Every structure is written in structure tokens, then in C-alpha cells.
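K.L.:
My structure is in protein.cif, and what it holds is mmCIF, C-alpha atoms; chains and numbers go by the auth columns:
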data_model
#
loop_
_atom_site.group_PDB
_atom_site.id
_atom_site.type_symbol
_atom_site.label_atom_id
_atom_site.label_comp_id
_atom_site.label_asym_id
_atom_site.label_seq_id
_atom_site.Cartn_x
_atom_site.Cartn_y
_atom_site.Cartn_z
_atom_site.B_iso_or_equiv
_atom_site.auth_seq_id
_atom_site.auth_asym_id
ATOM 1 C CA MET A 1 193.110 -177.868 2.779 0.00 1 A
ATOM 2 C CA ASN A 2 193.831 -181.599 2.786 0.00 2 A
ATOM 3 C CA HIS A 3 193.203 -183.149 -0.591 0.00 3 A
ATOM 4 C CA PRO A 4 190.760 -186.114 -0.573 0.00 4 A
ATOM 5 C CA MET A 5 193.514 -187.973 -2.456 0.00 5 A
ATOM 6 C CA PRO A 6 196.755 -186.956 -0.716 0.00 6 A
ATOM 7 C CA TRP A 7 198.835 -189.160 -3.029 0.00 7 A
ATOM 8 C CA LEU A 8 197.887 -186.963 -5.989 0.00 8 A
ATOM 9 C CA LYS A 9 199.067 -183.371 -6.394 0.00 9 A
ATOM 10 C CA TYR A 10 199.386 -180.467 -8.797 0.00 10 A
ATOM 11 C CA ALA A 11 202.958 -179.287 -9.398 0.00 11 A
ATOM 12 C CA ASP A 12 203.676 -175.948 -11.066 0.00 12 A
ATOM 13 C CA ALA A 13 205.800 -176.341 -14.207 0.00 13 A
ATOM 14 C CA GLY A 14 208.233 -173.761 -12.837 0.00 14 A
ATOM 15 C CA ASP A 15 208.868 -175.928 -9.783 0.00 15 A
ATOM 16 C CA ILE A 16 209.808 -179.075 -11.702 0.00 16 A
ATOM 17 C CA ASP A 17 213.486 -179.840 -11.105 0.00 17 A
ATOM 18 C CA ASN A 18 214.942 -180.907 -14.444 0.00 18 A
ATOM 19 C CA ASP A 19 218.523 -180.099 -15.482 0.00 19 A
ATOM 20 C CA VAL A 20 217.807 -180.495 -19.194 0.00 20 A
ATOM 21 C CA VAL A 21 214.325 -179.149 -19.876 0.00 21 A
ATOM 22 C CA ASP A 22 212.501 -176.090 -18.559 0.00 22 A
ATOM 23 C CA PHE A 23 208.786 -176.889 -18.774 0.00 23 A
ATOM 24 C CA ASP A 24 207.585 -173.539 -17.462 0.00 24 A
ATOM 25 C CA LYS A 25 205.310 -171.900 -20.077 0.00 25 A
ATOM 26 C CA MET A 26 206.566 -174.308 -22.740 0.00 26 A
ATOM 27 C CA ASN A 27 204.455 -174.247 -25.910 0.00 27 A
ATOM 28 C CA VAL A 28 201.975 -177.087 -26.362 0.00 28 A
ATOM 29 C CA GLU A 29 201.194 -177.944 -29.969 0.00 29 A
ATOM 30 C CA SER A 30 198.955 -180.221 -32.033 0.00 30 A
ATOM 31 C CA PRO A 31 200.411 -182.790 -34.480 0.00 31 A
ATOM 32 C CA GLY A 32 200.132 -180.171 -37.235 0.00 32 A
ATOM 33 C CA GLY A 33 201.960 -177.496 -35.213 0.00 33 A
ATOM 34 C CA GLU A 34 198.848 -175.602 -34.109 0.00 34 A
ATOM 35 C CA HIS A 35 199.352 -173.720 -30.835 0.00 35 A
ATOM 36 C CA LEU A 36 197.112 -175.194 -28.111 0.00 36 A
ATOM 37 C CA GLY A 37 198.448 -173.321 -25.082 0.00 37 A
ATOM 38 C CA VAL A 38 201.391 -173.400 -22.694 0.00 38 A
ATOM 39 C CA ALA A 39 202.449 -175.826 -19.987 0.00 39 A
ATOM 40 C CA ASP A 40 201.164 -174.610 -16.634 0.00 40 A
ATOM 41 C CA GLY A 41 201.973 -177.665 -14.511 0.00 41 A
ATOM 42 C CA PHE A 42 201.580 -181.398 -14.020 0.00 42 A
ATOM 43 C CA ILE A 43 199.318 -183.748 -12.099 0.00 43 A
ATOM 44 C CA LEU A 44 201.710 -186.094 -10.289 0.00 44 A
ATOM 45 C CA ASP A 45 201.773 -189.062 -8.000 0.00 45 A
ATOM 46 C CA ALA A 46 202.964 -187.288 -4.846 0.00 46 A
ATOM 47 C CA ASP A 47 204.828 -190.386 -3.624 0.00 47 A
ATOM 48 C CA THR A 48 206.799 -191.293 -6.752 0.00 48 A
ATOM 49 C CA GLY A 49 206.731 -188.136 -8.889 0.00 49 A
ATOM 50 C CA ARG A 50 205.208 -190.030 -11.811 0.00 50 A
ATOM 51 C CA PRO A 51 203.275 -187.656 -14.100 0.00 51 A
ATOM 52 C CA TYR A 52 199.761 -188.471 -15.293 0.00 52 A
ATOM 53 C CA TYR A 53 198.608 -185.227 -16.895 0.00 53 A
ATOM 54 C CA VAL A 54 200.114 -182.082 -18.355 0.00 54 A
ATOM 55 C CA VAL A 55 198.111 -179.071 -17.170 0.00 55 A
ATOM 56 C CA VAL A 56 197.767 -176.762 -20.174 0.00 56 A
ATOM 57 C CA ASP A 57 196.773 -173.102 -20.051 0.00 57 A
ATOM 58 C CA SER A 58 194.562 -172.886 -23.142 0.00 58 A
ATOM 59 C CA GLY A 59 194.844 -169.139 -23.541 0.00 59 A
ATOM 60 C CA GLY A 60 191.080 -168.829 -23.904 0.00 60 A
ATOM 61 C CA TRP A 61 190.041 -171.165 -26.739 0.00 61 A
ATOM 62 C CA PHE A 62 188.977 -174.102 -24.530 0.00 62 A
ATOM 63 C CA LYS A 63 185.758 -174.297 -22.494 0.00 63 A
ATOM 64 C CA SER A 64 187.776 -173.730 -19.307 0.00 64 A
ATOM 65 C CA LYS A 65 191.032 -171.864 -18.701 0.00 65 A
ATOM 66 C CA HIS A 66 192.953 -175.124 -18.361 0.00 66 A
ATOM 67 C CA PHE A 67 192.700 -178.620 -19.779 0.00 67 A
ATOM 68 C CA LEU A 68 194.562 -181.813 -18.930 0.00 68 A
ATOM 69 C CA LEU A 69 196.557 -183.763 -21.508 0.00 69 A
ATOM 70 C CA PRO A 70 197.289 -187.418 -20.601 0.00 70 A
ATOM 71 C CA VAL A 71 201.075 -187.791 -20.731 0.00 71 A
ATOM 72 C CA GLY A 72 200.837 -190.884 -22.939 0.00 72 A
ATOM 73 C CA HIS A 73 199.688 -188.610 -25.755 0.00 73 A
ATOM 74 C CA VAL A 74 202.533 -186.098 -25.379 0.00 74 A
ATOM 75 C CA ARG A 75 206.105 -186.056 -26.667 0.00 75 A
ATOM 76 C CA LEU A 76 208.924 -183.570 -26.246 0.00 76 A
ATOM 77 C CA ASP A 77 209.992 -181.923 -29.498 0.00 77 A
ATOM 78 C CA GLN A 78 213.411 -180.294 -29.557 0.00 78 A
ATOM 79 C CA ASP A 79 214.570 -178.557 -32.741 0.00 79 A
ATOM 80 C CA ASP A 80 216.078 -175.309 -33.995 0.00 80 A
ATOM 81 C CA ASP A 81 212.872 -173.456 -33.093 0.00 81 A
ATOM 82 C CA GLY A 82 213.175 -174.443 -29.441 0.00 82 A
ATOM 83 C CA GLU A 83 211.356 -176.943 -27.278 0.00 83 A
ATOM 84 C CA ALA A 84 207.668 -177.771 -27.265 0.00 84 A
ATOM 85 C CA LEU A 85 205.331 -180.426 -25.952 0.00 85 A
ATOM 86 C CA VAL A 86 203.554 -181.950 -28.940 0.00 86 A
ATOM 87 C CA THR A 87 200.394 -183.987 -28.483 0.00 87 A
ATOM 88 C CA SER A 88 199.149 -186.704 -30.818 0.00 88 A
ATOM 89 C CA LEU A 89 195.633 -185.289 -30.424 0.00 89 A
ATOM 90 C CA THR A 90 193.996 -182.734 -32.677 0.00 90 A
ATOM 91 C CA ARG A 91 192.265 -179.673 -31.312 0.00 91 A
ATOM 92 C CA ASP A 92 188.880 -181.230 -32.175 0.00 92 A
ATOM 93 C CA ARG A 93 189.638 -184.239 -29.953 0.00 93 A
ATOM 94 C CA ILE A 94 190.820 -182.047 -27.079 0.00 94 A
ATOM 95 C CA ASP A 95 187.665 -179.945 -27.408 0.00 95 A
ATOM 96 C CA ARG A 96 185.759 -183.048 -26.209 0.00 96 A
ATOM 97 C CA PHE A 97 187.715 -183.176 -22.946 0.00 97 A
ATOM 98 C CA PRO A 98 185.936 -182.352 -19.698 0.00 98 A
ATOM 99 C CA GLY A 99 186.714 -178.897 -18.345 0.00 99 A
ATOM 100 C CA PHE A 100 189.309 -178.572 -15.603 0.00 100 A
ATOM 101 C CA ASP A 101 189.292 -176.208 -12.654 0.00 101 A
ATOM 102 C CA ARG A 102 192.299 -176.347 -10.337 0.00 102 A
ATOM 103 C CA LYS A 103 190.211 -175.182 -7.366 0.00 103 A
ATOM 104 C CA LEU A 104 187.658 -177.952 -7.944 0.00 104 A
ATOM 105 C CA PHE A 105 190.466 -180.456 -8.431 0.00 105 A
ATOM 106 C CA GLU A 106 191.379 -179.989 -4.780 0.00 106 A
ATOM 107 C CA LYS A 107 187.933 -181.302 -3.862 0.00 107 A
ATOM 108 C CA MET A 108 187.644 -184.211 -6.294 0.00 108 A
ATOM 109 C CA SER A 109 186.832 -187.604 -4.829 0.00 109 A
ATOM 110 C CA ASP A 110 187.988 -190.941 -6.229 0.00 110 A
ATOM 111 C CA SER A 111 184.721 -191.317 -8.133 0.00 111 A
ATOM 112 C CA ASP A 112 185.044 -187.771 -9.523 0.00 112 A
ATOM 113 C CA LEU A 113 188.565 -188.455 -10.757 0.00 113 A
ATOM 114 C CA LYS A 114 187.584 -191.827 -12.221 0.00 114 A
ATOM 115 C CA ARG A 115 184.790 -190.175 -14.197 0.00 115 A
ATOM 116 C CA PHE A 116 187.193 -187.445 -15.338 0.00 116 A
ATOM 117 C CA ASN A 117 189.785 -190.029 -16.434 0.00 117 A
ATOM 118 C CA ASP A 118 187.212 -192.107 -18.298 0.00 118 A
ATOM 119 C CA GLU A 119 185.767 -189.134 -20.171 0.00 119 A
ATOM 120 C CA THR A 120 189.241 -187.890 -21.102 0.00 120 A
ATOM 121 C CA CYS A 121 190.501 -191.287 -22.276 0.00 121 A
ATOM 122 C CA ALA A 122 187.319 -191.868 -24.286 0.00 122 A
ATOM 123 C CA ALA A 123 187.892 -188.546 -26.070 0.00 123 A
ATOM 124 C CA CYS A 124 191.434 -189.647 -26.935 0.00 124 A
ATOM 125 C CA THR A 125 190.322 -192.737 -28.866 0.00 125 A
ATOM 126 C CA ILE A 126 190.397 -193.086 -32.640 0.00 126 A
ATOM 127 C CA GLU A 127 187.680 -191.239 -34.524 0.00 127 A
ATOM 128 C CA GLY A 128 184.586 -193.407 -34.890 0.00 128 A
ATOM 129 C CA VAL A 129 185.524 -195.834 -32.109 0.00 129 A
ATOM 130 C CA VAL A 130 183.214 -195.778 -29.105 0.00 130 A
ATOM 131 C CA VAL A 131 184.900 -196.664 -25.829 0.00 131 A
ATOM 132 C CA THR A 132 183.192 -197.218 -22.502 0.00 132 A
ATOM 133 C CA TYR A 133 184.757 -198.113 -19.186 0.00 133 A
ATOM 134 C CA ASN A 134 183.400 -200.399 -16.500 0.00 134 A
ATOM 135 C CA SER A 135 181.897 -198.317 -13.717 0.00 135 A
ATOM 136 C CA ALA A 136 183.029 -200.962 -11.231 0.00 136 A
ATOM 137 C CA GLU A 137 186.656 -200.718 -12.341 0.00 137 A
ATOM 138 C CA PRO A 138 188.845 -199.259 -9.584 0.00 138 A
ATOM 139 C CA LEU A 139 190.464 -195.860 -10.069 0.00 139 A
ATOM 140 C CA THR A 140 193.946 -197.393 -9.954 0.00 140 A
ATOM 141 C CA ALA A 141 193.254 -199.439 -13.097 0.00 141 A
ATOM 142 C CA ALA A 142 193.123 -196.261 -15.206 0.00 142 A
ATOM 143 C CA TRP A 143 196.821 -195.494 -14.662 0.00 143 A
ATOM 144 C CA ASN A 144 197.736 -198.694 -16.528 0.00 144 A
ATOM 145 C CA ARG A 145 196.131 -197.465 -19.737 0.00 145 A
ATOM 146 C CA SER A 146 198.379 -196.436 -22.611 0.00 146 A
ATOM 147 C CA ASP A 147 196.965 -192.913 -22.218 0.00 147 A
ATOM 148 C CA PHE A 148 199.129 -192.581 -19.097 0.00 148 A
ATOM 149 C CA HIS A 149 202.206 -194.383 -20.395 0.00 149 A
ATOM 150 C CA TYR A 150 205.318 -193.154 -18.562 0.00 150 A
ATOM 151 C CA PRO A 151 206.917 -190.586 -20.926 0.00 151 A
ATOM 152 C CA ASP A 152 210.525 -191.058 -21.995 0.00 152 A
ATOM 153 C CA TRP A 153 211.070 -187.297 -21.774 0.00 153 A
ATOM 154 C CA TRP A 154 210.361 -187.191 -18.051 0.00 154 A
ATOM 155 C CA SER A 155 213.451 -187.324 -15.861 0.00 155 A
ATOM 156 C CA ALA A 156 212.386 -185.147 -12.925 0.00 156 A
ATOM 157 C CA GLU A 157 212.252 -187.761 -10.180 0.00 157 A
ATOM 158 C CA PRO A 158 212.141 -186.944 -6.447 0.00 158 A
ATOM 159 C CA THR A 159 214.969 -187.886 -4.126 0.00 159 A
ATOM 160 C CA ARG A 160 214.470 -189.527 -0.759 0.00 160 A
ATOM 161 C CA PRO A 161 216.492 -187.644 1.893 0.00 161 A
ATOM 162 C CA ASP A 162 214.611 -189.543 4.608 0.00 162 A
ATOM 163 C CA ARG A 163 216.045 -192.770 3.174 0.00 163 A
ATOM 164 C CA MET A 164 219.463 -191.682 1.962 0.00 164 A
ATOM 165 C CA GLY A 165 220.561 -188.850 4.218 0.00 165 A
ATOM 166 C CA ALA A 166 220.972 -185.139 3.622 0.00 166 A
ATOM 167 C CA THR A 167 223.661 -185.649 0.958 0.00 167 A
ATOM 168 C CA ALA A 168 221.278 -187.512 -1.371 0.00 168 A
ATOM 169 C CA VAL A 169 220.380 -184.354 -3.264 0.00 169 A
ATOM 170 C CA THR A 170 223.943 -183.133 -3.751 0.00 170 A
ATOM 171 C CA LYS A 171 225.249 -186.572 -4.741 0.00 171 A
ATOM 172 C CA GLY A 172 222.637 -187.108 -7.428 0.00 172 A
ATOM 173 C CA ALA A 173 221.185 -190.260 -5.950 0.00 173 A
ATOM 174 C CA GLU A 174 219.109 -192.508 -8.145 0.00 174 A
ATOM 175 C CA TYR A 175 215.764 -193.257 -6.541 0.00 175 A
ATOM 176 C CA HIS A 176 213.723 -196.262 -7.596 0.00 176 A
ATOM 177 C CA SER A 177 210.094 -195.621 -6.801 0.00 177 A
ATOM 178 C CA GLU A 178 208.167 -197.713 -4.346 0.00 178 A
ATOM 179 C CA SER A 179 205.256 -199.705 -5.667 0.00 179 A
ATOM 180 C CA LYS A 180 201.717 -198.782 -4.698 0.00 180 A
ATOM 181 C CA SER A 181 201.758 -201.592 -2.145 0.00 181 A
ATOM 182 C CA GLY A 182 204.477 -199.674 -0.327 0.00 182 A
ATOM 183 C CA ALA A 183 207.106 -202.384 -0.698 0.00 183 A
ATOM 184 C CA ALA A 184 210.436 -200.661 -1.343 0.00 184 A
ATOM 185 C CA SER A 185 213.332 -202.353 -3.092 0.00 185 A
ATOM 186 C CA ARG A 186 216.400 -202.650 -0.881 0.00 186 A
ATOM 187 C CA GLU A 187 220.035 -202.569 -1.919 0.00 187 A
ATOM 188 C CA GLN A 188 222.003 -205.734 -1.218 0.00 188 A
ATOM 189 C CA VAL A 189 225.674 -205.196 -0.546 0.00 189 A
ATOM 190 C CA THR A 190 227.992 -208.185 -0.727 0.00 190 A
ATOM 191 C CA ALA A 191 230.864 -208.175 1.765 0.00 191 A
ATOM 192 C CA LYS A 192 233.970 -209.704 0.194 0.00 192 A
ATOM 193 C CA ALA A 193 235.500 -212.313 2.464 0.00 193 A
ATOM 194 C CA ASP A 194 239.029 -211.456 1.376 0.00 194 A
ATOM 195 C CA ASP A 195 238.715 -207.683 1.685 0.00 195 A
ATOM 196 C CA LEU A 196 237.476 -206.147 4.925 0.00 196 A
ATOM 197 C CA SER A 197 238.397 -202.617 3.905 0.00 197 A
ATOM 198 C CA ASP A 198 235.143 -202.108 1.994 0.00 198 A
ATOM 199 C CA VAL A 199 232.944 -199.531 3.591 0.00 199 A
ATOM 200 C CA SER A 200 229.220 -199.218 3.247 0.00 200 A
ATOM 201 C CA PRO A 201 228.276 -197.739 -0.148 0.00 201 A
ATOM 202 C CA HIS A 202 225.246 -196.022 1.365 0.00 202 A
ATOM 203 C CA PHE A 203 225.064 -192.280 1.807 0.00 203 A
ATOM 204 C CA ASP A 204 227.292 -190.884 4.548 0.00 204 A
ATOM 205 C CA GLY A 205 229.055 -194.260 4.764 0.00 205 A
ATOM 206 C CA ARG A 206 226.190 -195.807 6.731 0.00 206 A
ATOM 207 C CA ALA A 207 223.705 -198.480 5.833 0.00 207 A
ATOM 208 C CA GLN A 208 220.104 -198.086 6.858 0.00 208 A
ATOM 209 C CA PRO A 209 218.466 -200.223 9.575 0.00 209 A
ATOM 210 C CA GLY A 210 217.339 -203.530 8.088 0.00 210 A
ATOM 211 C CA ASP A 211 219.563 -203.439 4.970 0.00 211 A
ATOM 212 C CA VAL A 212 221.377 -206.661 4.098 0.00 212 A
ATOM 213 C CA ILE A 213 225.123 -206.044 4.365 0.00 213 A
ATOM 214 C CA GLY A 214 226.549 -209.531 4.034 0.00 214 A
ATOM 215 C CA ILE A 215 225.769 -212.497 1.829 0.00 215 A
ATOM 216 C CA GLU A 216 228.865 -214.561 2.637 0.00 216 A
ATOM 217 C CA THR A 217 228.561 -213.489 6.283 0.00 217 A
ATOM 218 C CA GLY A 218 225.086 -214.917 6.647 0.00 218 A
ATOM 219 C CA GLY A 219 223.114 -211.799 5.797 0.00 219 A
ATOM 220 C CA GLU A 220 223.883 -209.730 8.869 0.00 220 A
ATOM 221 C CA ARG A 221 221.614 -206.712 9.310 0.00 221 A
ATOM 222 C CA THR A 222 222.461 -203.269 10.586 0.00 222 A
ATOM 223 C CA GLU A 223 221.014 -201.869 13.764 0.00 223 A
ATOM 224 C CA ILE A 224 219.922 -198.318 14.526 0.00 224 A
ATOM 225 C CA GLY A 225 222.974 -196.238 15.424 0.00 225 A
ATOM 226 C CA ASP A 226 225.496 -198.492 13.631 0.00 226 A
ATOM 227 C CA THR A 227 228.425 -196.712 12.004 0.00 227 A
ATOM 228 C CA SER A 228 230.567 -198.044 9.171 0.00 228 A
ATOM 229 C CA ASP A 229 233.124 -199.241 11.776 0.00 229 A
ATOM 230 C CA ASP A 230 230.378 -201.145 13.578 0.00 230 A
ATOM 231 C CA GLU A 231 229.403 -202.774 10.304 0.00 231 A
ATOM 232 C CA ASN A 232 232.991 -203.847 9.556 0.00 232 A
ATOM 233 C CA LYS A 233 233.412 -205.317 13.059 0.00 233 A
ATOM 234 C CA ARG A 234 230.137 -207.183 12.615 0.00 234 A
ATOM 235 C CA ARG A 235 231.412 -208.585 9.315 0.00 235 A
ATOM 236 C CA GLN A 236 234.688 -209.728 10.874 0.00 236 A
ATOM 237 C CA ALA A 237 232.914 -211.507 13.722 0.00 237 A
ATOM 238 C CA ALA A 238 230.474 -213.188 11.392 0.00 238 A
ATOM 239 C CA GLN A 239 233.228 -214.333 9.047 0.00 239 A
ATOM 240 C CA LYS A 240 235.241 -215.847 11.931 0.00 240 A
ATOM 241 C CA ASN A 241 232.178 -217.750 13.113 0.00 241 A
ATOM 242 C CA ALA A 242 231.524 -218.911 9.559 0.00 242 A
ATOM 243 C CA SER A 243 235.123 -220.168 9.146 0.00 243 A
ATOM 244 C CA LYS A 244 234.941 -222.097 12.449 0.00 244 A
ATOM 245 C CA GLN A 245 231.729 -223.816 11.418 0.00 245 A
ATOM 246 C CA SER A 246 233.213 -224.817 8.059 0.00 246 A
#
What does the file become when written as C-alpha cells?

P.N.:
Amino acid sequence: MNHPMPWLKYADAGDIDNDVVDFDKMNVESPGGEHLGVADGFILDADTGRPYYVVVDSGGWFKSKHFLLPVGHVRLDQDDDGEALVTSLTRDRIDRFPGFDRKLFEKMSDSDLKRFNDETCAACTIEGVVVTYNSAEPLTAAWNRSDFHYPDWWSAEPTRPDRMGATAVTKGAEYHSESKSGAASREQVTAKADDLSDVSPHFDGRAQPGDVIGIETGGERTEIGDTSDDENKRRQAAQKNASKQS
């Protein structure tokens, strides 16, 4: 079925592509080393791959089979005993979390998720501190809370073959996520006036339509179907025109 929030998705821990860490069934522990369950998956931003929650299989002690740990309260512990995800929250705090059902998650509306986020974040606060959230606050505001701080142990970021070509995956491309407004950052490639042998640094030797390929040449832009040879010829023509005008 289509999720009411298509930008949000559940990703199985075994499907997370990370060359360093294998999250599948990784132990999840309290600050004191108490076993809280195992990593079952993650709740991600489907567009950027940013994680918001660790989905933990409680093993039966929690009110539901799974519970969600906000990633801002989780660190990766690597020692002689192996790897584990360690939360800053005690079992008593987690016991106050709302229950989580993956099947119901697929049907959650924005208001449902906002209520879930607010209840979870409130349970994460310091003992004795009462926290309430504005009911009129938009859902997107929650992701800026420290509870969802981007973890330094997360390096599994999606590639963009539609932007970089089929070789993006094999060449280990670095992908900088688009903002929520959809405005993507573009690479600017400076064409050296004294060296016309430079080829496009983009994947497959081709820039993408609309990319800026020349600062000194007046910011010429590529067209659909341009090859690297076309780009070099365009640079040469632009540079000749620029020298005539000077």
C-alpha cells in the first residue's frame, strides 16, 4: 500500500549498506549495560536516508514487540566484546514510550506521527521535568529537536544514480542530500583558460543539463545530449569570444 507519508520509510537493519558496521540484530543496551533488545531496522527519510529512529525488537519485555529509540539518544559502542547500540535512556524511561506496531505505522497520518514523536520525546526528558509540545507546531519542527540529532555513527547514505549515472555506486560517489525544499546543491566546475584539456569531472565524463561548466567562460551551461567533446568545444568558442571583447 502507499504510505500516507511517502517520504518516510522503514528499512530493515539487514538491508542497510554500511561497509564498517553491520546493524542487523545488533545488541541494544542501556547506559548500565542492560540488554534492551536487538536492532530490527530504522525509520528513515526516504529521500535523504537520514535516520530518525532505531527500531528495536524488545524480545518481550516492552508493551509491544518493538519500540522506537530516537537516534539522538543512541551511540555506537565498539570494544573487545563487539559492537552494540547504547542508549542514554534507562529502561524505566523507555517503558514510558508509546507502543509501536509496524503494520499500524504504514497507516499513520501526519497528526498520528506528530503525537507519537511528542510522546516519545517527552518520555526522553530529564526525570522530574515536564515537557509539552505545541499542538499547532508542524510535524517537520520535531526533526530539529536534539532527540533526532544526526548520529556521527551513521554513514549509510544513498547514492543518486539518476543524477550521477550508473557508475555512481561503483565509484563511491559522495551524495549531499537535498534540503526539504527540494533545492539541490550543484557542482561548479571552473574551466581553466590556459588548459583546454580538462574534461568534465562528472560521472561518465559528462556534466548534467543545467550544470555550470565555466566561470571564466561566462558560465556556459550544458545541454541535453552534450558529450565531453561538446563541452570542450563550447568552452573554446566562449573563450575566443571573451578574448575578442576584452

K.L.:
Using the chain letters and numbering of this document, enumerate as a PyMOL selection string the residues selected by the PyMOL selection byres ((chain A and resi 28) around 8).

P.N.:
chain A and resi 26-27+29-30+35-39+56+84-87

K.L.:
If you keep C-alpha atoms, can you produce a file of those selected residues as an mmCIF file, in the coordinates of the input?

P.N.:
data_model
loop_
_atom_site.group_PDB
_atom_site.id
_atom_site.type_symbol
_atom_site.label_atom_id
_atom_site.label_comp_id
_atom_site.auth_asym_id
_atom_site.auth_seq_id
_atom_site.Cartn_x
_atom_site.Cartn_y
_atom_site.Cartn_z
ATOM 1 C CA MET A 26 206.566 -174.308 -22.740
ATOM 2 C CA ASN A 27 204.455 -174.247 -25.910
ATOM 3 C CA GLU A 29 201.194 -177.944 -29.969
ATOM 4 C CA SER A 30 198.955 -180.221 -32.033
ATOM 5 C CA HIS A 35 199.352 -173.720 -30.835
ATOM 6 C CA LEU A 36 197.112 -175.194 -28.111
ATOM 7 C CA GLY A 37 198.448 -173.321 -25.082
ATOM 8 C CA VAL A 38 201.391 -173.400 -22.694
ATOM 9 C CA ALA A 39 202.449 -175.826 -19.987
ATOM 10 C CA VAL A 56 197.767 -176.762 -20.174
ATOM 11 C CA ALA A 84 207.668 -177.771 -27.265
ATOM 12 C CA LEU A 85 205.331 -180.426 -25.952
ATOM 13 C CA VAL A 86 203.554 -181.950 -28.940
ATOM 14 C CA THR A 87 200.394 -183.987 -28.483
#

K.L.:
Taking into account only C-alpha atoms, which residue in the set A:Phe105, A:Tyr10, A:Phe100, A:Phe148 is nearest to Gly41 in chain A?

P.N.:
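Closest candidate: A:Tyr10.
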
K.L.:
Rounded to one decimal in Å, what is the spacing between CA of Met108 in chain A and CA of Leu76 in chain A?

P.N.:
29.2 Å

K.L.:
Measuring between all atoms listed in the file, which one of A:Phe23, A:Thr125, A:Met5, A:Leu68 shows the shortest distance to Ser111 in chain A?

P.N.:
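Result for the nearest residue to Ser111 in chain A: A:Met5.
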
K.L.:
Where does the PyMOL selection byres ((chain A and resi 138) around 12) land in this file, that is, which residues does it pick, as number ranges by chain?

P.N.:
A: 110-111, 113-115, 117-118, 133-137, 139-144

K.L.:
Generate the output file for the selected residues, C-alpha atoms, as a PDB file, in the coordinates of the input.

P.N.:
ATOM      1  CA  ASP A 110     187.988-190.941  -6.229  1.00  0.00           C
ATOM      2  CA  SER A 111     184.721-191.317  -8.133  1.00  0.00           C
ATOM      3  CA  LEU A 113     188.565-188.455 -10.757  1.00  0.00           C
ATOM      4  CA  LYS A 114     187.584-191.827 -12.221  1.00  0.00           C
ATOM      5  CA  ARG A 115     184.790-190.175 -14.197  1.00  0.00           C
ATOM      6  CA  ASN A 117     189.785-190.029 -16.434  1.00  0.00           C
ATOM      7  CA  ASP A 118     187.212-192.107 -18.298  1.00  0.00           C
ATOM      8  CA  TYR A 133     184.757-198.113 -19.186  1.00  0.00           C
ATOM      9  CA  ASN A 134     183.400-200.399 -16.500  1.00  0.00           C
ATOM     10  CA  SER A 135     181.897-198.317 -13.717  1.00  0.00           C
ATOM     11  CA  ALA A 136     183.029-200.962 -11.231  1.00  0.00           C
ATOM     12  CA  GLU A 137     186.656-200.718 -12.341  1.00  0.00           C
ATOM     13  CA  LEU A 139     190.464-195.860 -10.069  1.00  0.00           C
ATOM     14  CA  THR A 140     193.946-197.393  -9.954  1.00  0.00           C
ATOM     15  CA  ALA A 141     193.254-199.439 -13.097  1.00  0.00           C
ATOM     16  CA  ALA A 142     193.123-196.261 -15.206  1.00  0.00           C
ATOM     17  CA  TRP A 143     196.821-195.494 -14.662  1.00  0.00           C
ATOM     18  CA  ASN A 144     197.736-198.694 -16.528  1.00  0.00           C
TER      19      ASN A 144
END

K.L.:
Excluding Asp12 in chain A and its own-chain neighbours fewer than 5 positions away, which residues fall within 12 Å of it when counting only C-alpha atoms? Please give them as a ChimeraX atom specification.

P.N.:
/A:17,22-25,39-44,54-57,102

K.L.:
For CA of Pro31 in chain A and CA of Ile126 in chain A, quote the distance in Å rounded to one decimal.

P.N.:
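So the two atoms, CA of Pro31 in chain A and CA of Ile126 in chain A, lie 14.5 Å apart.
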
K.L.:
Once 3 Å is added on each side, what are the centre and the three edge lengths, in Å to one decimal, of the axis-aligned box enclosing the listed atoms of range 26-35 of chain A? Present them as AutoDock Vina command-line options.

P.N.:
--center_x 202.7 --center_y -178.3 --center_z -30.0 --size_x 13.7 --size_y 15.1 --size_z 20.5

K.L.:
For Trp153 in chain A, which residue among A:Gly82, A:Gly32, A:Gly60, A:Pro51 is the nearest when counting only C-alpha atoms?

P.N.:
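So, comparing all the options, the nearest one is A:Pro51.
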
K.L.:
In Å, rounded to a single decimal, give me how far CA of Asp112 in chain A is from CA of Arg93 in chain A.

P.N.:
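Straight-line distance from CA of Arg93 in chain A to CA of Asp112 in chain A works out to 21.2 Å.
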
K.L.:
Measuring atom to atom with only C-alpha atoms, identify which of A:Val131, A:Ser64, A:Lys9, A:Val71 is nearest to Pro98 in chain A.

P.N.:
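Under the stated criterion, the closest residue is A:Ser64.
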
K.L.:
Using only C-alpha atoms, find the one residue out of A:Arg75, A:Glu119, A:Arg50, A:Asp101 that sits nearest to Ser88 in chain A.

P.N.:
A:Arg75
